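Structure file query14.txt (compact mmCIF, C-alpha atoms) follows.
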# COMPACT_ATOMS: atom_id res chain seq x y z
CA MET L 9 3.48 -15.14 7.73
CA GLN L 10 2.44 -11.51 7.77
CA ALA L 11 -1.31 -12.06 7.48
CA HIS L 12 -1.83 -11.81 11.22
CA ALA L 13 -0.41 -8.29 11.19
CA GLU L 14 -3.20 -7.03 8.94
CA ASP L 15 -6.80 -6.97 9.90
CA SER L 16 -8.95 -9.45 8.12
CA ALA L 17 -11.55 -6.79 7.32
CA LEU L 18 -9.07 -4.96 5.13
CA ALA L 19 -7.95 -8.16 3.41
CA ASP L 20 -11.55 -9.24 2.77
CA ALA L 21 -12.43 -5.82 1.38
CA PHE L 22 -9.30 -5.74 -0.78
CA ALA L 23 -10.13 -9.18 -2.18
CA ALA L 24 -13.68 -7.95 -2.81
CA HIS L 25 -12.23 -5.04 -4.79
CA GLU L 26 -13.63 -2.35 -2.53
CA ARG L 27 -12.30 1.11 -3.16
CA TRP L 28 -11.71 2.06 0.47
CA ALA L 29 -9.51 -1.01 0.91
CA PHE L 30 -7.30 0.03 -2.00
CA ASP L 31 -7.06 3.53 -0.53
CA GLU L 32 -6.20 2.14 2.88
CA ALA L 33 -3.67 -0.38 1.57
CA TYR L 34 -1.92 2.29 -0.46
CA ALA L 35 -1.90 4.68 2.50
CA ARG L 36 -0.24 2.01 4.62
CA TYR L 37 2.30 0.68 2.15
CA ALA L 38 3.04 3.55 -0.25
CA SER L 39 6.50 4.11 1.13
CA LEU L 40 7.37 0.41 1.07
CA LEU L 41 6.09 -0.04 -2.49
CA TYR L 42 7.86 3.03 -3.79
CA SER L 43 11.10 2.03 -2.08
CA THR L 44 10.81 -1.52 -3.42
CA ALA L 45 10.46 -0.22 -6.97
CA TYR L 46 13.20 2.33 -6.45
CA HIS L 47 15.72 -0.29 -5.40
CA VAL L 48 15.07 -2.24 -8.60
CA VAL L 49 14.83 0.50 -11.21
CA GLY L 50 17.29 2.92 -9.60
CA ASN L 51 15.49 6.22 -10.14
CA GLY L 52 12.44 7.98 -8.79
CA GLU L 53 10.67 8.61 -12.07
CA ASP L 54 10.66 4.97 -13.12
CA ALA L 55 9.84 3.87 -9.58
CA GLU L 56 6.75 6.07 -9.62
CA ASP L 57 5.65 4.63 -12.96
CA VAL L 58 6.24 1.09 -11.72
CA VAL L 59 4.09 1.50 -8.60
CA HIS L 60 1.36 3.20 -10.60
CA ASP L 61 1.36 0.55 -13.32
CA ALA L 62 1.40 -2.35 -10.86
CA LEU L 63 -1.50 -0.96 -8.87
CA ALA L 64 -3.40 -0.14 -12.06
CA ARG L 65 -2.96 -3.74 -13.18
CA ILE L 66 -4.28 -5.04 -9.85
CA TRP L 67 -7.20 -2.59 -9.83
CA ARG L 68 -8.21 -3.60 -13.35
CA SER L 69 -8.01 -7.30 -12.52
CA PRO L 70 -10.69 -8.19 -9.99
CA GLY L 71 -9.67 -11.48 -8.47
CA ALA L 72 -5.96 -10.77 -8.75
CA TYR L 73 -5.74 -10.90 -4.97
CA THR L 74 -7.35 -13.63 -2.96
CA ARG L 75 -6.93 -14.40 0.73
CA SER L 76 -4.95 -17.49 -0.23
CA ARG L 77 -2.20 -15.18 -1.52
CA GLY L 78 -1.43 -14.22 2.08
CA ALA L 79 -0.88 -10.72 3.37
CA ILE L 80 -1.84 -7.78 1.17
CA ARG L 81 1.47 -6.15 2.05
CA SER L 82 3.48 -9.06 0.69
CA PHE L 83 1.24 -9.43 -2.34
CA LEU L 84 1.66 -5.77 -3.26
CA VAL L 85 5.41 -5.84 -2.73
CA VAL L 86 5.78 -8.86 -5.01
CA CYS L 87 3.54 -7.31 -7.69
CA VAL L 88 5.46 -4.03 -7.62
CA ARG L 89 8.81 -5.76 -7.57
CA ASN L 90 7.90 -7.99 -10.51
CA GLU L 91 6.66 -4.98 -12.46
CA ALA L 92 9.98 -3.27 -11.76
CA VAL L 93 11.97 -6.34 -12.77
CA SER L 94 10.03 -6.58 -16.03
CA ARG L 95 10.74 -2.94 -16.74
CA VAL L 96 14.45 -3.30 -16.07
CA ARG L 97 14.65 -6.36 -18.27
CA SER L 98 12.73 -4.74 -21.08
CA LYS L 99 15.13 -1.81 -21.06
CA GLN L 100 18.14 -4.10 -20.94
CA ARG L 101 19.44 -2.21 -17.95
CA ARG L 102 21.07 -4.90 -15.93
CA LEU L 103 23.37 -2.98 -13.72
CA ARG L 104 26.06 -4.75 -11.82
CA LEU L 105 25.47 -4.99 -8.08
CA VAL L 106 28.71 -3.22 -7.30
CA GLU L 107 27.89 -0.31 -9.60
CA ARG L 108 24.49 0.12 -8.06
CA VAL L 109 25.78 0.04 -4.50
CA ALA L 110 28.38 2.65 -5.41
CA ALA L 111 25.77 4.88 -7.05
CA GLU L 112 23.12 4.66 -4.31
CA PRO L 113 24.14 7.47 -1.92
CA GLU L 114 24.25 10.14 -4.64
CA GLU L 115 21.03 8.97 -6.26
CA HIS L 116 19.16 9.10 -2.97
CA ASP L 117 20.27 12.55 -1.89
CA GLU L 118 17.03 14.17 -3.00
CA LEU L 119 14.85 11.56 -1.34
CA ARG L 120 13.59 11.65 2.19
CA VAL L 121 14.80 8.58 4.03
CA VAL L 122 12.03 7.43 6.32
CA ASP L 123 13.71 4.39 7.78
CA VAL L 124 17.43 4.75 8.23
CA ILE L 125 17.56 1.98 10.82
CA GLU L 126 16.71 -0.56 8.15
CA HIS L 127 19.50 0.70 5.95
CA ASP L 128 21.78 -2.30 5.77
CA ARG L 129 19.68 -5.06 7.24
CA LEU L 130 19.14 -6.81 3.92
CA ARG L 131 22.79 -6.82 2.92
CA ASN L 132 23.82 -7.81 6.43
CA ALA L 133 21.36 -10.69 6.38
CA MET L 134 22.61 -11.75 2.95
CA THR L 135 26.18 -12.00 4.24
CA LYS L 136 25.04 -14.54 6.83
CA LEU L 137 23.83 -16.97 4.18
CA PRO L 138 26.11 -19.78 3.03
CA PRO L 139 28.01 -18.60 -0.10
CA GLU L 140 26.42 -21.24 -2.30
CA GLN L 141 22.98 -19.82 -1.46
CA ARG L 142 23.98 -16.19 -1.20
CA ARG L 143 25.45 -15.76 -4.67
CA PRO L 144 22.47 -17.05 -6.71
CA LEU L 145 20.10 -15.11 -4.45
CA GLU L 146 22.10 -11.91 -4.94
CA LEU L 147 21.99 -12.39 -8.69
CA ALA L 148 18.24 -12.97 -8.52
CA TYR L 149 17.37 -10.21 -6.08
CA PHE L 150 19.77 -7.42 -6.94
CA GLU L 151 20.58 -8.08 -10.58
CA GLN L 152 17.24 -9.50 -11.68
CA LEU L 153 18.81 -12.35 -13.65
CA SER L 154 16.48 -15.20 -14.56
CA HIS L 155 17.14 -18.64 -13.08
CA THR L 156 18.56 -19.87 -16.38
CA GLU L 157 20.89 -16.87 -16.57
CA ILE L 158 22.01 -17.49 -13.00
CA ALA L 159 22.70 -21.14 -13.78
CA ARG L 160 24.75 -20.09 -16.79
CA THR L 161 26.61 -17.35 -14.88
CA LEU L 162 27.50 -19.67 -12.00
CA ASP L 163 28.01 -22.68 -14.26
CA GLN L 164 25.69 -24.78 -12.12
CA PRO L 165 22.79 -27.10 -12.97
CA LEU L 166 19.41 -25.37 -13.13
CA GLY L 167 17.91 -27.59 -10.45
CA THR L 168 20.74 -26.77 -8.05
CA VAL L 169 20.28 -23.07 -8.63
CA LYS L 170 16.55 -23.33 -8.04
CA SER L 171 16.85 -25.14 -4.75
CA ARG L 172 19.65 -22.88 -3.50
CA ILE L 173 17.64 -19.76 -4.28
CA ALA L 174 14.61 -21.26 -2.54
CA MET L 175 16.61 -22.22 0.56
CA GLY L 176 18.39 -18.89 0.63
CA LEU L 177 15.19 -16.89 0.33
CA ARG L 178 13.50 -18.87 3.11
CA LYS L 179 16.49 -18.31 5.45
CA LEU L 180 16.62 -14.66 4.52
CA GLY L 181 12.91 -14.21 5.14
CA ALA L 182 13.12 -15.97 8.49
CA ALA L 183 16.04 -13.78 9.54
CA LEU L 184 14.28 -10.58 8.52
CA GLN L 185 10.73 -11.26 9.70
CA PRO L 186 9.77 -9.09 12.65
CA PRO L 187 9.26 -11.18 15.81
CA SER L 188 5.59 -12.13 16.18
CA MET G 2 1.22 -28.58 -13.70
CA ASN G 3 0.21 -31.49 -11.47
CA GLU G 4 3.25 -31.76 -9.18
CA HIS G 5 3.68 -29.39 -6.23
CA ILE G 6 5.53 -26.20 -6.96
CA SER G 7 8.12 -26.59 -4.13
CA GLU G 8 11.08 -24.31 -4.80
CA SER G 9 9.37 -22.70 -7.78
CA ALA G 10 7.42 -20.64 -5.22
CA ALA G 11 10.57 -18.67 -4.43
CA LEU G 12 11.39 -18.20 -8.11
CA TYR G 13 7.82 -17.06 -8.75
CA ALA G 14 7.90 -14.55 -5.89
CA LEU G 15 11.28 -13.23 -7.04
CA GLY G 16 9.95 -12.69 -10.56
CA LEU G 17 12.41 -15.10 -12.13
CA LEU G 18 9.95 -17.19 -14.14
CA GLU G 19 8.63 -16.71 -17.62
CA PRO G 20 4.88 -16.25 -18.29
CA PRO G 21 4.21 -19.90 -19.25
CA GLU G 22 5.70 -21.04 -15.96
CA THR G 23 3.84 -18.45 -13.90
CA ASN G 24 0.56 -19.33 -15.61
CA ALA G 25 1.06 -22.99 -14.76
CA ILE G 26 1.79 -22.12 -11.14
CA ASP G 27 -1.26 -19.84 -10.95
CA ALA G 28 -3.45 -22.69 -12.14
CA HIS G 29 -1.91 -25.18 -9.73
CA VAL G 30 -2.01 -22.88 -6.70
CA ALA G 31 -5.69 -22.13 -7.26
CA ALA G 32 -6.44 -25.77 -6.52
CA CYS G 33 -3.70 -26.72 -4.05
CA GLU G 34 -3.85 -25.40 -0.49
CA ALA G 35 -0.31 -26.55 0.40
CA CYS G 36 1.26 -24.79 -2.56
CA SER G 37 -0.89 -21.73 -1.94
CA GLN G 38 0.63 -21.50 1.53
CA ALA G 39 4.12 -22.09 0.16
CA LEU G 40 3.62 -19.25 -2.29
CA ALA G 41 2.27 -16.93 0.42
CA GLN G 42 5.36 -17.75 2.51
CA ALA G 43 7.65 -16.92 -0.41
CA TYR G 44 5.77 -13.62 -0.87
CA ASP G 45 6.33 -12.83 2.81
CA ASP G 46 10.04 -13.61 2.44
CA VAL G 47 10.41 -11.26 -0.52
CA ALA G 48 8.44 -8.57 1.33
CA ALA G 49 10.70 -9.01 4.36
CA ALA G 50 13.74 -8.51 2.15
CA ALA G 51 12.20 -5.42 0.54
CA SER G 52 11.34 -4.00 3.96
CA ALA G 53 14.94 -4.40 5.07
CA GLN G 54 16.22 -2.01 2.41
CA PRO G 55 16.24 1.77 2.94
CA GLN G 56 12.73 3.18 2.85
CA TYR G 57 11.82 6.41 1.07
CA ALA G 58 8.66 8.47 1.24
CA ALA G 59 6.44 8.11 -1.82
CA PRO G 60 6.26 11.43 -3.69
CA ALA G 61 3.02 13.40 -3.64
CA SER G 62 2.77 13.08 -7.42
CA LEU G 63 2.53 9.30 -7.02
CA ASP G 64 -0.16 9.65 -4.35
CA ALA G 65 -2.23 11.72 -6.76
CA ARG G 66 -1.76 9.32 -9.67
CA VAL G 67 -2.60 6.27 -7.61
CA GLY G 68 -5.62 7.94 -6.03
CA SER G 69 -7.04 8.65 -9.46
CA LEU G 70 -6.86 4.95 -10.38
CA TRP G 71 -9.92 4.06 -8.35
CA THR G 72 -11.62 7.45 -8.24
CA PRO G 73 -13.99 7.89 -11.18
CA PRO G 74 -12.71 10.74 -13.39
CA LYS G 75 -14.64 13.97 -13.60
CA LYS G 76 -15.98 14.66 -17.03
CA HIS G 77 -14.95 17.87 -18.77
CA GLY G 78 -15.51 19.46 -22.12
CA TRP G 79 -19.26 19.96 -22.17
CA SER G 80 -20.35 22.81 -24.40
CA LEU G 81 -22.48 25.59 -22.96
CA ARG G 82 -25.36 24.42 -25.10
CA GLN G 83 -25.04 20.87 -23.78
CA LEU G 84 -24.78 22.13 -20.23
CA GLY G 85 -27.86 24.26 -20.72
CA ALA G 86 -29.82 21.35 -22.11
CA ILE G 87 -28.71 19.10 -19.25
CA ALA G 88 -29.56 21.76 -16.69
CA ALA G 89 -33.01 22.18 -18.22
CA LEU G 90 -33.56 18.45 -18.19
CA LEU G 91 -32.50 18.24 -14.59
CA ALA G 92 -34.74 21.09 -13.62
CA ILE G 93 -37.75 19.61 -15.36
CA ALA G 94 -37.46 15.90 -14.87
CA LEU G 95 -34.30 14.67 -13.25
CA LEU G 96 -33.91 16.88 -10.23
CA PRO G 97 -35.39 14.34 -7.81
CA THR G 98 -33.18 11.63 -9.31
CA ALA G 99 -30.11 13.86 -9.12
CA TYR G 100 -30.89 14.64 -5.52
CA LEU G 101 -31.20 10.97 -4.66
CA LEU G 102 -28.01 10.15 -6.58
CA HIS G 103 -26.10 12.90 -4.83
CA ARG G 104 -27.38 11.72 -1.49
CA GLU G 105 -26.39 8.15 -2.31
CA GLN G 106 -22.87 9.21 -3.39
CA THR G 107 -22.46 11.28 -0.25
CA MET G 108 -23.57 8.33 1.84
CA HIS G 109 -21.22 6.04 -0.08
CA ARG G 110 -18.25 8.33 0.58
CA ALA G 111 -19.27 8.50 4.21
CA MET G 112 -19.48 4.71 4.39
CA LEU G 113 -16.02 4.38 2.86
CA ALA G 114 -14.62 6.73 5.48
CA ASP G 115 -16.46 4.95 8.29
CA ALA G 116 -15.25 1.57 7.12
CA GLY G 117 -11.69 2.86 6.92
CA LEU G 118 -11.87 4.22 10.45
CA PHE G 119 -13.42 1.07 11.88
CA ALA G 120 -10.83 -1.11 10.14
CA ARG G 121 -8.07 1.09 11.53
CA MET G 122 -9.49 0.91 15.04
CA ALA G 123 -9.74 -2.86 14.79
CA SER G 124 -6.18 -3.31 13.60
CA SER G 125 -4.06 -0.56 15.14
CA PRO G 126 -3.23 0.38 18.71
CA HIS G 127 -5.06 3.59 19.48
CA ARG G 128 -6.27 5.99 22.17
CA MET G 129 -9.48 7.89 22.73
CA VAL G 130 -9.93 11.34 24.25
CA ALA G 131 -13.16 13.25 24.87
CA PHE G 132 -13.51 16.85 23.75
CA THR G 133 -14.28 19.38 26.48
CA GLY G 134 -16.67 22.23 25.87
CA GLY G 135 -19.94 22.49 24.04
CA ALA G 136 -19.89 19.33 21.96
CA ASP G 137 -20.35 15.69 22.86
CA ALA G 138 -17.38 14.47 20.85
CA LYS G 139 -14.44 12.10 21.03
CA VAL G 140 -11.25 11.72 19.05
CA VAL G 141 -9.78 8.29 18.35
CA TYR G 142 -6.18 8.34 17.19
CA GLY G 143 -3.28 6.03 16.49
CA ASN G 144 -0.68 5.75 19.21
CA ASP G 145 1.87 7.09 16.74
CA GLY G 146 -0.33 10.01 15.70
CA SER G 147 -0.52 8.83 12.08
CA TRP G 148 -4.36 8.77 11.89
CA TYR G 149 -7.34 10.38 13.59
CA GLY G 150 -11.08 9.91 13.71
CA VAL G 151 -13.51 12.29 15.37
CA ILE G 152 -17.04 11.28 16.33
CA VAL G 153 -19.61 13.92 17.37
CA ARG G 154 -22.94 13.03 18.87
CA GLY G 155 -26.03 15.19 18.44
CA ALA G 156 -24.44 18.01 16.45
CA THR G 157 -27.13 20.41 15.35
CA ARG G 158 -24.85 22.49 13.14
CA PRO G 159 -22.02 21.50 10.78
CA LEU G 160 -18.71 21.55 12.63
CA ARG G 161 -15.15 21.81 11.38
CA LEU G 162 -12.15 19.99 12.77
CA VAL G 163 -9.25 22.33 13.46
CA TRP G 164 -5.62 21.72 14.44
CA MET G 165 -4.45 24.27 17.04
CA HIS G 166 -0.74 24.86 16.89
CA ASP G 167 1.75 27.65 17.44
CA GLY G 168 -1.02 30.17 17.98
CA GLN G 169 -2.58 29.24 14.63
CA ARG G 170 -5.58 27.28 13.47
CA THR G 171 -5.37 24.87 10.56
CA MET G 172 -8.66 23.65 9.15
CA LEU G 173 -8.57 19.86 8.70
CA GLY G 174 -12.04 19.22 7.30
CA GLN G 175 -15.77 19.22 7.82
CA VAL G 176 -17.28 16.74 10.24
CA GLN G 177 -19.76 14.81 8.09
CA SER G 178 -23.21 14.10 9.44
CA ARG G 179 -24.44 10.51 9.77
CA GLY G 180 -27.84 11.30 11.29
CA ASP G 181 -27.43 11.52 15.03
CA LEU G 182 -23.67 11.08 14.68
CA ALA G 183 -21.17 13.10 12.72
CA MET G 184 -17.69 11.85 11.85
CA ILE G 185 -14.45 12.71 10.15
CA TYR G 186 -11.55 10.32 9.45
CA LEU G 187 -8.01 11.44 8.65
CA PRO G 188 -6.26 8.24 7.45
CA GLU G 189 -2.85 9.85 7.09
CA SER G 190 -1.63 12.61 9.29
CA HIS G 191 1.18 13.87 11.41
CA ARG G 192 1.16 14.08 15.17
CA MET G 193 -1.28 16.69 16.51
CA GLU G 194 -1.54 17.41 20.22
CA HIS G 195 -4.36 19.94 20.24
CA LEU G 196 -7.57 19.64 18.22
CA ALA G 197 -10.71 21.74 18.27
CA LEU G 198 -14.21 21.68 16.83
CA ALA G 199 -15.37 24.97 15.37
CA ASP G 200 -18.78 26.28 14.40
CA GLY G 201 -17.79 28.79 11.75
CA ASP G 202 -14.88 30.65 13.33
CA ARG G 203 -15.98 29.95 16.87
CA VAL G 204 -14.28 27.09 18.75
CA VAL G 205 -16.92 25.09 20.59
CA ALA G 206 -14.85 22.20 21.97
CA GLU G 207 -11.22 21.25 22.41
CA ALA G 208 -9.21 18.09 23.00
CA LYS G 209 -5.64 17.74 24.23
CA LEU G 210 -4.04 14.54 22.99
CA ALA G 211 -1.32 12.58 24.79
CA PHE G 212 1.27 10.39 23.04
Written as structure tokens, how would this file's structure read?
Amino acid sequence: MQAHAEDSALADAFAAHERWAFDEAYARYASLLYSTAYHVVGNGEDAEDVVHDALARIWRSPGAYTRSRGAIRSFLVVCVRNEAVSRVRSKQRRLRLVERVAAEPEEHDELRVVDVIEHDRLRNAMTKLPPEQRRPLELAYFEQLSHTEIARTLDQPLGTVKSRIAMGLRKLGAALQPPS
Amino acid sequence: MNEHISESAALYALGLLEPPETNAIDAHVAACEACSQALAQAYDDVAAAASAQPQYAAPASLDARVGSLWTPPKKHGWSLRQLGAIAALLAIALLPTAYLLHREQTMHRAMLADAGLFARMASSPHRMVAFTGGADAKVVYGNDGSWYGVIVRGATRPLRLVWMHDGQRTMLGQVQSRGDLAMIYLPESHRMEHLALADGDRVVAEAKLAF
């Protein structure tokens, strides 16, 4: 897990809702959070709103983060990503994976890439998963389909889809975690 | 939900579940250490996936919006009459209170900065260099040059931290007094190889930083 990479003082202070900890966490992870939102919603304006709204929700909900939730970094990424997914769903903008991949280079021209080395690591890691795990995970991660929609799309039982997504995500996470 | 969440942790972290399901998981995880760890692991997996996509710098407009979330807003729109009445009140009765409040807020801001610097020093690889010249001061900075903290001992006058570059001086901020010590913390910065402390326009100490 990532918790070891963060100092416990910051995590304690964040859980205690201390302002400096929110400042510090944002300073550390702003780029990651913005990028996470951007990859879901597909444009900078919505990505900015998503990060703002997710952090506002956390700030207004003391107790939203506890140490049992693990690393702040992961917690914030999941919160921002879920906010972005909700926004995409509410706007009924479910873009096809292929369309989004094709559109990415032009859309990102105006943005400053801060980590080009990471560019294709996720998609490369995805290709190494067994197809039966990769496809439902792609639909979940890139197309934000719900588990019932994925089951319907792939014509598979819901339980099978759930366990394949879970196994796929665990393998993906293990492959992408930085060496400790 | 009484049974363990098992693979639902991944679905939860991926945002695939509906509110009734997430609420049930929240309630279960609050009381189940094993499932709490499973959920934290799923969070880490999603974060690892997000980190492996291209990363873009957050725009300055977002920084400003987010910063204002936890910074109390300044109040505007007082009429001159109201301002006059408040000023009179302060002058007559509340001046000591205002002074104490201001001092407390200043101390609070200073404590926030100190805590941020100490947390950074505890968690990030860093270096320390002493200033040479007429100030007993040290600069602590991240190995990658992304943050800096300057500590001055026994400063009798307010000092400013200055970045010396390309024959120019860029003012970075005022070193804030903490009694015998004075400090300044720059949580986000770019790499700076030459810093100075200035009393007014006069440089009193300099530090050359290695990376």
Counting only C-alpha atoms, which residues of chain G come no farther than 9 Å from chain L, as a PDB file with C-alpha atoms, in the frame of the given file?
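Result file is out25.pdb:
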ATOM      1  CA  SER G   7       8.120 -26.590  -4.130  1.00  0.00           C
ATOM      2  CA  GLU G   8      11.080 -24.310  -4.800  1.00  0.00           C
ATOM      3  CA  SER G   9       9.370 -22.700  -7.780  1.00  0.00           C
ATOM      4  CA  ALA G  10       7.420 -20.640  -5.220  1.00  0.00           C
ATOM      5  CA  ALA G  11      10.570 -18.670  -4.430  1.00  0.00           C
ATOM      6  CA  LEU G  12      11.390 -18.200  -8.110  1.00  0.00           C
ATOM      7  CA  ALA G  14       7.900 -14.550  -5.890  1.00  0.00           C
ATOM      8  CA  LEU G  15      11.280 -13.230  -7.040  1.00  0.00           C
ATOM      9  CA  GLY G  16       9.950 -12.690 -10.560  1.00  0.00           C
ATOM     10  CA  LEU G  17      12.410 -15.100 -12.130  1.00  0.00           C
ATOM     11  CA  LEU G  18       9.950 -17.190 -14.140  1.00  0.00           C
ATOM     12  CA  GLU G  19       8.630 -16.710 -17.620  1.00  0.00           C
ATOM     13  CA  VAL G  30      -2.010 -22.880  -6.700  1.00  0.00           C
ATOM     14  CA  ALA G  31      -5.690 -22.130  -7.260  1.00  0.00           C
ATOM     15  CA  GLU G  34      -3.850 -25.400  -0.490  1.00  0.00           C
ATOM     16  CA  SER G  37      -0.890 -21.730  -1.940  1.00  0.00           C
ATOM     17  CA  GLN G  38       0.630 -21.500   1.530  1.00  0.00           C
ATOM     18  CA  LEU G  40       3.620 -19.250  -2.290  1.00  0.00           C
ATOM     19  CA  ALA G  41       2.270 -16.930   0.420  1.00  0.00           C
ATOM     20  CA  GLN G  42       5.360 -17.750   2.510  1.00  0.00           C
ATOM     21  CA  ALA G  43       7.650 -16.920  -0.410  1.00  0.00           C
ATOM     22  CA  TYR G  44       5.770 -13.620  -0.870  1.00  0.00           C
ATOM     23  CA  ASP G  45       6.330 -12.830   2.810  1.00  0.00           C
ATOM     24  CA  ASP G  46      10.040 -13.610   2.440  1.00  0.00           C
ATOM     25  CA  VAL G  47      10.410 -11.260  -0.520  1.00  0.00           C
ATOM     26  CA  ALA G  48       8.440  -8.570   1.330  1.00  0.00           C
ATOM     27  CA  ALA G  49      10.700  -9.010   4.360  1.00  0.00           C
ATOM     28  CA  ALA G  50      13.740  -8.510   2.150  1.00  0.00           C
ATOM     29  CA  ALA G  51      12.200  -5.420   0.540  1.00  0.00           C
ATOM     30  CA  SER G  52      11.340  -4.000   3.960  1.00  0.00           C
ATOM     31  CA  ALA G  53      14.940  -4.400   5.070  1.00  0.00           C
ATOM     32  CA  GLN G  54      16.220  -2.010   2.410  1.00  0.00           C
ATOM     33  CA  PRO G  55      16.240   1.770   2.940  1.00  0.00           C
ATOM     34  CA  GLN G  56      12.730   3.180   2.850  1.00  0.00           C
ATOM     35  CA  TYR G  57      11.820   6.410   1.070  1.00  0.00           C
ATOM     36  CA  ALA G  58       8.660   8.470   1.240  1.00  0.00           C
ATOM     37  CA  ALA G  59       6.440   8.110  -1.820  1.00  0.00           C
ATOM     38  CA  PRO G  60       6.260  11.430  -3.690  1.00  0.00           C
ATOM     39  CA  SER G  62       2.770  13.080  -7.420  1.00  0.00           C
ATOM     40  CA  LEU G  63       2.530   9.300  -7.020  1.00  0.00           C
ATOM     41  CA  ASP G  64      -0.160   9.650  -4.350  1.00  0.00           C
ATOM     42  CA  ARG G  66      -1.760   9.320  -9.670  1.00  0.00           C
ATOM     43  CA  VAL G  67      -2.600   6.270  -7.610  1.00  0.00           C
ATOM     44  CA  GLY G  68      -5.620   7.940  -6.030  1.00  0.00           C
ATOM     45  CA  LEU G  70      -6.860   4.950 -10.380  1.00  0.00           C
ATOM     46  CA  TRP G  71      -9.920   4.060  -8.350  1.00  0.00           C
ATOM     47  CA  THR G  72     -11.620   7.450  -8.240  1.00  0.00           C
ATOM     48  CA  LEU G 113     -16.020   4.380   2.860  1.00  0.00           C
ATOM     49  CA  ALA G 114     -14.620   6.730   5.480  1.00  0.00           C
ATOM     50  CA  ALA G 116     -15.250   1.570   7.120  1.00  0.00           C
ATOM     51  CA  GLY G 117     -11.690   2.860   6.920  1.00  0.00           C
ATOM     52  CA  ALA G 120     -10.830  -1.110  10.140  1.00  0.00           C
ATOM     53  CA  ARG G 121      -8.070   1.090  11.530  1.00  0.00           C
ATOM     54  CA  ALA G 123      -9.740  -2.860  14.790  1.00  0.00           C
ATOM     55  CA  SER G 124      -6.180  -3.310  13.600  1.00  0.00           C
ATOM     56  CA  SER G 125      -4.060  -0.560  15.140  1.00  0.00           C
ATOM     57  CA  PRO G 188      -6.260   8.240   7.450  1.00  0.00           C
ATOM     58  CA  GLU G 189      -2.850   9.850   7.090  1.00  0.00           C
TER      59      GLU G 189
END
Box for region 46-51 of chain L: with edges along x, y and z, all listed atoms inside and 4 Å added on each side, what are the centre and edge lengths in Å to one decimal, as JSON?
{"center_x": 15.2, "center_y": 2.0, "center_z": -8.3, "size_x": 12.1, "size_y": 16.5, "size_z": 13.8}
Please provide as a PDB file with C-alpha atoms, keeping the file's coordinate frame all residues within 10 Å of Gln177 (chain G), with the sequence filter that same-chain residues fewer than 5 positions apart are discarded (counting only C-alpha atoms).
ATOM      1  CA  THR G 107     -22.460  11.280  -0.250  1.00  0.00           C
ATOM      2  CA  MET G 108     -23.570   8.330   1.840  1.00  0.00           C
ATOM      3  CA  ALA G 111     -19.270   8.500   4.210  1.00  0.00           C
ATOM      4  CA  ALA G 114     -14.620   6.730   5.480  1.00  0.00           C
ATOM      5  CA  VAL G 151     -13.510  12.290  15.370  1.00  0.00           C
ATOM      6  CA  ILE G 152     -17.040  11.280  16.330  1.00  0.00           C
ATOM      7  CA  VAL G 153     -19.610  13.920  17.370  1.00  0.00           C
ATOM      8  CA  PRO G 159     -22.020  21.500  10.780  1.00  0.00           C
ATOM      9  CA  LEU G 160     -18.710  21.550  12.630  1.00  0.00           C
ATOM     10  CA  ARG G 161     -15.150  21.810  11.380  1.00  0.00           C
ATOM     11  CA  LEU G 182     -23.670  11.080  14.680  1.00  0.00           C
ATOM     12  CA  ALA G 183     -21.170  13.100  12.720  1.00  0.00           C
ATOM     13  CA  MET G 184     -17.690  11.850  11.850  1.00  0.00           C
ATOM     14  CA  ILE G 185     -14.450  12.710  10.150  1.00  0.00           C
ATOM     15  CA  TYR G 186     -11.550  10.320   9.450  1.00  0.00           C
TER      16      TYR G 186
END
* Please provide as a PyMOL selection string all residues within 9 Å of His5 (chain G), with the sequence filter that same-chain residues fewer than 3 positions apart are discarded (counting all atoms listed in the file). => chain G and resi 2+9+26+29-30+33+35-36
* Would you work out the distance separating CA of Asp137 (chain G) from CA of Gly155 (chain G), expressed in Å to one decimal? =>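 Going from CA of Asp137 (chain G) over to CA of Gly155 (chain G) covers 7.2 Å.
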* To do: For Val163 (chain G), list every protein, DNA or RNA residue within 8 Å, evaluated using all atoms listed in the file, and leave out those in the same chain fewer than 2 positions away; present the list as a list in words.
  =>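 Returned residues: Arg161, Met165, Arg170, Thr171, Met172, Leu173, Gly174, Leu196, Ala197, Leu198 and Ala199 of chain G.
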* Structure fact -> Pairwise distance, CA of Gly146 (chain G) with CA of Ala33 (chain L), equals 17.9 Å
* To do: Can you work out which one of L:Ala24, L:Leu137, L:Leu147, L:Ala159 has the shortest atom-to-atom distance to Tyr73 (chain L), counting all atoms listed in the file?
  =>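 Closest residue, counting all atoms listed in the file: L:Ala24.
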